[in-house]
Amino acid sequence: MNRDHLQGGARHLKGRAQTVVGGLTGDPARQIRGAVNQVAGGAQYAYGQARDRAEDLYADGTMLAREARRQGGTYGRQALHYADTHRTSTLLGIAALAFAAGWLSRR
């Protein structure tokens, strides 16, 4: 929960109370102020929820990016190790890819 979440909920409840008190006392101005506070509080509460969700998604995305970076480094080191220990097959593979690219790009 963040500040907007809490303040929005409190403002919404304050607006409900104002609306009820305005209805009991017959004060239309207080009822209108209460309705305005209800709407504004509800909007602030919804903003607080959206902000919480965005912060959670950001944290999840940061964690996933860190994990992907770690996995990419691991796979890169494995590929380099394979290429270093199997030089002949690596050169043949590169030659085959170059030939295929040249053949596919011709007219």
# chains A, B, ... in the order shown; residues from 1 in each chain; ligands from 1
$ residues_around --residues "Leu6 in chain A" --least-positions-apart "2" --cutoff "12 Å" --atoms "only C-alpha atoms" --output "list in words"
Met1, Asn2, Arg3, Asp4, Gly8, Gly9, Ala10, Arg11, His12, Leu13, Gly41, Gly42, Ala43, Gln44, Tyr45, Ala46, Tyr47, Gly48, Gln49 and Asp52 of chain A
$ write_last_selection --atoms "N, CA, C and O atoms" --output "compact mmCIF listing (two decimals), in the first residue's frame"
# COMPACT_ATOMS: atom_id res chain seq x y z
N MET A 1 0.84 -1.18 0.00
CA MET A 1 0.00 0.00 0.00
C MET A 1 0.89 1.24 0.00
O MET A 1 1.89 1.28 0.68
N ASN A 2 0.46 2.23 -0.72
CA ASN A 2 1.20 3.48 -0.74
C ASN A 2 0.32 4.61 -0.20
O ASN A 2 -0.83 4.41 0.18
N ARG A 3 0.91 5.79 -0.18
CA ARG A 3 0.22 6.96 0.40
C ARG A 3 -1.08 7.27 -0.33
O ARG A 3 -2.10 7.58 0.29
N ASP A 4 -1.07 7.20 -1.66
CA ASP A 4 -2.29 7.51 -2.42
C ASP A 4 -3.40 6.51 -2.13
O ASP A 4 -4.57 6.88 -2.07
N GLY A 8 -6.64 8.02 -0.46
CA GLY A 8 -7.84 7.92 -1.29
C GLY A 8 -8.96 7.21 -0.56
O GLY A 8 -10.13 7.63 -0.60
N GLY A 9 -8.62 6.12 0.13
CA GLY A 9 -9.64 5.40 0.90
C GLY A 9 -10.21 6.26 2.02
O GLY A 9 -11.42 6.28 2.26
N ALA A 10 -9.32 7.00 2.69
CA ALA A 10 -9.78 7.87 3.78
C ALA A 10 -10.66 9.00 3.24
O ALA A 10 -11.70 9.32 3.84
N ARG A 11 -10.28 9.58 2.11
CA ARG A 11 -11.07 10.68 1.54
C ARG A 11 -12.43 10.17 1.07
O ARG A 11 -13.45 10.85 1.22
N HIS A 12 -12.47 8.95 0.53
CA HIS A 12 -13.74 8.37 0.09
C HIS A 12 -14.67 8.17 1.30
O HIS A 12 -15.87 8.50 1.24
N LEU A 13 -14.13 7.63 2.38
CA LEU A 13 -14.95 7.43 3.59
C LEU A 13 -15.42 8.77 4.18
O LEU A 13 -16.56 8.89 4.62
N GLY A 41 -11.78 10.70 -3.81
CA GLY A 41 -11.13 9.65 -3.02
C GLY A 41 -11.08 8.34 -3.76
O GLY A 41 -10.07 7.62 -3.71
N GLY A 42 -12.15 8.01 -4.46
CA GLY A 42 -12.16 6.78 -5.26
C GLY A 42 -11.12 6.81 -6.37
O GLY A 42 -10.44 5.82 -6.63
N ALA A 43 -10.98 7.98 -7.00
CA ALA A 43 -9.98 8.12 -8.07
C ALA A 43 -8.57 8.01 -7.50
O ALA A 43 -7.71 7.35 -8.08
N GLN A 44 -8.33 8.64 -6.36
CA GLN A 44 -7.00 8.57 -5.75
C GLN A 44 -6.70 7.15 -5.29
O GLN A 44 -5.57 6.67 -5.42
N TYR A 45 -7.69 6.45 -4.77
CA TYR A 45 -7.53 5.06 -4.36
C TYR A 45 -7.18 4.18 -5.56
O TYR A 45 -6.27 3.36 -5.51
N ALA A 46 -7.90 4.39 -6.67
CA ALA A 46 -7.62 3.61 -7.89
C ALA A 46 -6.22 3.92 -8.42
O ALA A 46 -5.50 3.02 -8.88
N TYR A 47 -5.82 5.19 -8.35
CA TYR A 47 -4.46 5.56 -8.76
C TYR A 47 -3.43 4.85 -7.89
O TYR A 47 -2.41 4.36 -8.38
N GLY A 48 -3.68 4.79 -6.59
CA GLY A 48 -2.76 4.11 -5.68
C GLY A 48 -2.64 2.63 -6.01
O GLY A 48 -1.55 2.05 -5.97
N GLN A 49 -3.77 2.00 -6.34
CA GLN A 49 -3.73 0.59 -6.72
C GLN A 49 -2.94 0.39 -8.01
O GLN A 49 -2.14 -0.54 -8.11
N ASP A 52 0.74 0.74 -7.26
CA ASP A 52 1.26 -0.47 -6.62
C ASP A 52 1.50 -1.56 -7.65
O ASP A 52 2.53 -2.24 -7.63
$ decode --residues "range 76-104 of chain A" --atoms "N, CA, C and O atoms" --output "PDB file, in the first residue's frame"
ATOM      1  N   GLY A  76      26.469 -18.069 -23.560  1.00  0.00           N
ATOM      2  CA  GLY A  76      27.578 -17.529 -24.352  1.00  0.00           C
ATOM      3  C   GLY A  76      28.895 -18.202 -24.016  1.00  0.00           C
ATOM      4  O   GLY A  76      29.682 -18.551 -24.910  1.00  0.00           O
ATOM      5  N   ARG A  77      29.148 -18.386 -22.722  1.00  0.00           N
ATOM      6  CA  ARG A  77      30.382 -19.076 -22.316  1.00  0.00           C
ATOM      7  C   ARG A  77      30.390 -20.516 -22.804  1.00  0.00           C
ATOM      8  O   ARG A  77      31.427 -21.022 -23.249  1.00  0.00           O
ATOM      9  N   GLN A  78      29.226 -21.185 -22.754  1.00  0.00           N
ATOM     10  CA  GLN A  78      29.147 -22.559 -23.254  1.00  0.00           C
ATOM     11  C   GLN A  78      29.416 -22.611 -24.752  1.00  0.00           C
ATOM     12  O   GLN A  78      30.117 -23.501 -25.242  1.00  0.00           O
ATOM     13  N   ALA A  79      28.872 -21.649 -25.512  1.00  0.00           N
ATOM     14  CA  ALA A  79      29.085 -21.620 -26.960  1.00  0.00           C
ATOM     15  C   ALA A  79      30.555 -21.370 -27.278  1.00  0.00           C
ATOM     16  O   ALA A  79      31.120 -21.996 -28.188  1.00  0.00           O
ATOM     17  N   LEU A  80      31.185 -20.452 -26.556  1.00  0.00           N
ATOM     18  CA  LEU A  80      32.600 -20.191 -26.778  1.00  0.00           C
ATOM     19  C   LEU A  80      33.455 -21.409 -26.446  1.00  0.00           C
ATOM     20  O   LEU A  80      34.413 -21.724 -27.170  1.00  0.00           O
ATOM     21  N   HIS A  81      33.118 -22.083 -25.387  1.00  0.00           N
ATOM     22  CA  HIS A  81      33.858 -23.293 -25.014  1.00  0.00           C
ATOM     23  C   HIS A  81      33.712 -24.370 -26.096  1.00  0.00           C
ATOM     24  O   HIS A  81      34.698 -25.011 -26.481  1.00  0.00           O
ATOM     25  N   TYR A  82      32.483 -24.541 -26.601  1.00  0.00           N
ATOM     26  CA  TYR A  82      32.258 -25.531 -27.656  1.00  0.00           C
ATOM     27  C   TYR A  82      33.035 -25.153 -28.918  1.00  0.00           C
ATOM     28  O   TYR A  82      33.686 -25.988 -29.542  1.00  0.00           O
ATOM     29  N   ALA A  83      32.967 -23.875 -29.304  1.00  0.00           N
ATOM     30  CA  ALA A  83      33.675 -23.432 -30.513  1.00  0.00           C
ATOM     31  C   ALA A  83      35.179 -23.599 -30.346  1.00  0.00           C
ATOM     32  O   ALA A  83      35.883 -23.926 -31.308  1.00  0.00           O
ATOM     33  N   ASP A  84      35.688 -23.386 -29.139  1.00  0.00           N
ATOM     34  CA  ASP A  84      37.124 -23.516 -28.909  1.00  0.00           C
ATOM     35  C   ASP A  84      37.571 -24.973 -28.939  1.00  0.00           C
ATOM     36  O   ASP A  84      38.652 -25.284 -29.444  1.00  0.00           O
ATOM     37  N   THR A  85      36.735 -25.862 -28.423  1.00  0.00           N
ATOM     38  CA  THR A  85      37.137 -27.274 -28.386  1.00  0.00           C
ATOM     39  C   THR A  85      36.810 -28.021 -29.668  1.00  0.00           C
ATOM     40  O   THR A  85      37.409 -29.059 -29.938  1.00  0.00           O
ATOM     41  N   HIS A  86      35.905 -27.512 -30.490  1.00  0.00           N
ATOM     42  CA  HIS A  86      35.516 -28.162 -31.749  1.00  0.00           C
ATOM     43  C   HIS A  86      35.742 -27.186 -32.909  1.00  0.00           C
ATOM     44  O   HIS A  86      34.798 -26.763 -33.572  1.00  0.00           O
ATOM     45  N   ARG A  87      36.976 -26.849 -33.155  1.00  0.00           N
ATOM     46  CA  ARG A  87      37.291 -25.819 -34.149  1.00  0.00           C
ATOM     47  C   ARG A  87      36.907 -26.233 -35.559  1.00  0.00           C
ATOM     48  O   ARG A  87      36.395 -25.434 -36.338  1.00  0.00           O
ATOM     49  N   THR A  88      37.122 -27.481 -35.912  1.00  0.00           N
ATOM     50  CA  THR A  88      36.824 -27.928 -37.276  1.00  0.00           C
ATOM     51  C   THR A  88      35.332 -27.844 -37.558  1.00  0.00           C
ATOM     52  O   THR A  88      34.916 -27.294 -38.586  1.00  0.00           O
ATOM     53  N   SER A  89      34.525 -28.388 -36.652  1.00  0.00           N
ATOM     54  CA  SER A  89      33.077 -28.350 -36.901  1.00  0.00           C
ATOM     55  C   SER A  89      32.551 -26.925 -36.854  1.00  0.00           C
ATOM     56  O   SER A  89      31.616 -26.583 -37.582  1.00  0.00           O
ATOM     57  N   THR A  90      33.155 -26.067 -36.032  1.00  0.00           N
ATOM     58  CA  THR A  90      32.733 -24.674 -35.993  1.00  0.00           C
ATOM     59  C   THR A  90      33.023 -23.984 -37.329  1.00  0.00           C
ATOM     60  O   THR A  90      32.156 -23.292 -37.874  1.00  0.00           O
ATOM     61  N   LEU A  91      34.217 -24.193 -37.876  1.00  0.00           N
ATOM     62  CA  LEU A  91      34.557 -23.592 -39.168  1.00  0.00           C
ATOM     63  C   LEU A  91      33.670 -24.129 -40.282  1.00  0.00           C
ATOM     64  O   LEU A  91      33.244 -23.380 -41.165  1.00  0.00           O
ATOM     65  N   LEU A  92      33.394 -25.437 -40.268  1.00  0.00           N
ATOM     66  CA  LEU A  92      32.499 -26.007 -41.277  1.00  0.00           C
ATOM     67  C   LEU A  92      31.087 -25.432 -41.150  1.00  0.00           C
ATOM     68  O   LEU A  92      30.429 -25.144 -42.156  1.00  0.00           O
ATOM     69  N   GLY A  93      30.632 -25.265 -39.942  1.00  0.00           N
ATOM     70  CA  GLY A  93      29.304 -24.685 -39.727  1.00  0.00           C
ATOM     71  C   GLY A  93      29.230 -23.251 -40.219  1.00  0.00           C
ATOM     72  O   GLY A  93      28.249 -22.850 -40.855  1.00  0.00           O
ATOM     73  N   ILE A  94      30.264 -22.449 -39.921  1.00  0.00           N
ATOM     74  CA  ILE A  94      30.290 -21.063 -40.392  1.00  0.00           C
ATOM     75  C   ILE A  94      30.339 -21.014 -41.911  1.00  0.00           C
ATOM     76  O   ILE A  94      29.652 -20.210 -42.554  1.00  0.00           O
ATOM     77  N   ALA A  95      31.131 -21.904 -42.528  1.00  0.00           N
ATOM     78  CA  ALA A  95      31.214 -21.944 -43.989  1.00  0.00           C
ATOM     79  C   ALA A  95      29.864 -22.325 -44.587  1.00  0.00           C
ATOM     80  O   ALA A  95      29.436 -21.750 -45.601  1.00  0.00           O
ATOM     81  N   ALA A  96      29.178 -23.280 -43.974  1.00  0.00           N
ATOM     82  CA  ALA A  96      27.864 -23.692 -44.477  1.00  0.00           C
ATOM     83  C   ALA A  96      26.863 -22.545 -44.365  1.00  0.00           C
ATOM     84  O   ALA A  96      26.064 -22.315 -45.279  1.00  0.00           O
ATOM     85  N   LEU A  97      26.889 -21.825 -43.253  1.00  0.00           N
ATOM     86  CA  LEU A  97      25.990 -20.676 -43.092  1.00  0.00           C
ATOM     87  C   LEU A  97      26.296 -19.576 -44.102  1.00  0.00           C
ATOM     88  O   LEU A  97      25.381 -18.967 -44.672  1.00  0.00           O
ATOM     89  N   ALA A  98      27.567 -19.319 -44.349  1.00  0.00           N
ATOM     90  CA  ALA A  98      27.941 -18.299 -45.331  1.00  0.00           C
ATOM     91  C   ALA A  98      27.483 -18.705 -46.730  1.00  0.00           C
ATOM     92  O   ALA A  98      26.976 -17.888 -47.502  1.00  0.00           O
ATOM     93  N   PHE A  99      27.670 -19.994 -47.070  1.00  0.00           N
ATOM     94  CA  PHE A  99      27.223 -20.480 -48.376  1.00  0.00           C
ATOM     95  C   PHE A  99      25.703 -20.345 -48.511  1.00  0.00           C
ATOM     96  O   PHE A  99      25.196 -19.889 -49.530  1.00  0.00           O
ATOM     97  N   ALA A 100      24.967 -20.734 -47.458  1.00  0.00           N
ATOM     98  CA  ALA A 100      23.506 -20.655 -47.485  1.00  0.00           C
ATOM     99  C   ALA A 100      23.042 -19.209 -47.610  1.00  0.00           C
ATOM    100  O   ALA A 100      22.114 -18.909 -48.379  1.00  0.00           O
ATOM    101  N   ALA A 101      23.692 -18.306 -46.897  1.00  0.00           N
ATOM    102  CA  ALA A 101      23.314 -16.894 -47.000  1.00  0.00           C
ATOM    103  C   ALA A 101      23.591 -16.362 -48.388  1.00  0.00           C
ATOM    104  O   ALA A 101      22.760 -15.634 -48.966  1.00  0.00           O
ATOM    105  N   GLY A 102      24.708 -16.725 -48.954  1.00  0.00           N
ATOM    106  CA  GLY A 102      25.033 -16.288 -50.318  1.00  0.00           C
ATOM    107  C   GLY A 102      24.070 -16.869 -51.327  1.00  0.00           C
ATOM    108  O   GLY A 102      23.639 -16.195 -52.267  1.00  0.00           O
ATOM    109  N   TRP A 103      23.718 -18.144 -51.161  1.00  0.00           N
ATOM    110  CA  TRP A 103      22.808 -18.790 -52.106  1.00  0.00           C
ATOM    111  C   TRP A 103      21.411 -18.195 -52.022  1.00  0.00           C
ATOM    112  O   TRP A 103      20.739 -17.988 -53.027  1.00  0.00           O
ATOM    113  N   LEU A 104      20.959 -17.878 -50.793  1.00  0.00           N
ATOM    114  CA  LEU A 104      19.628 -17.293 -50.627  1.00  0.00           C
ATOM    115  C   LEU A 104      19.550 -15.850 -51.087  1.00  0.00           C
ATOM    116  O   LEU A 104      18.470 -15.381 -51.475  1.00  0.00           O
TER     117      LEU A 104
END
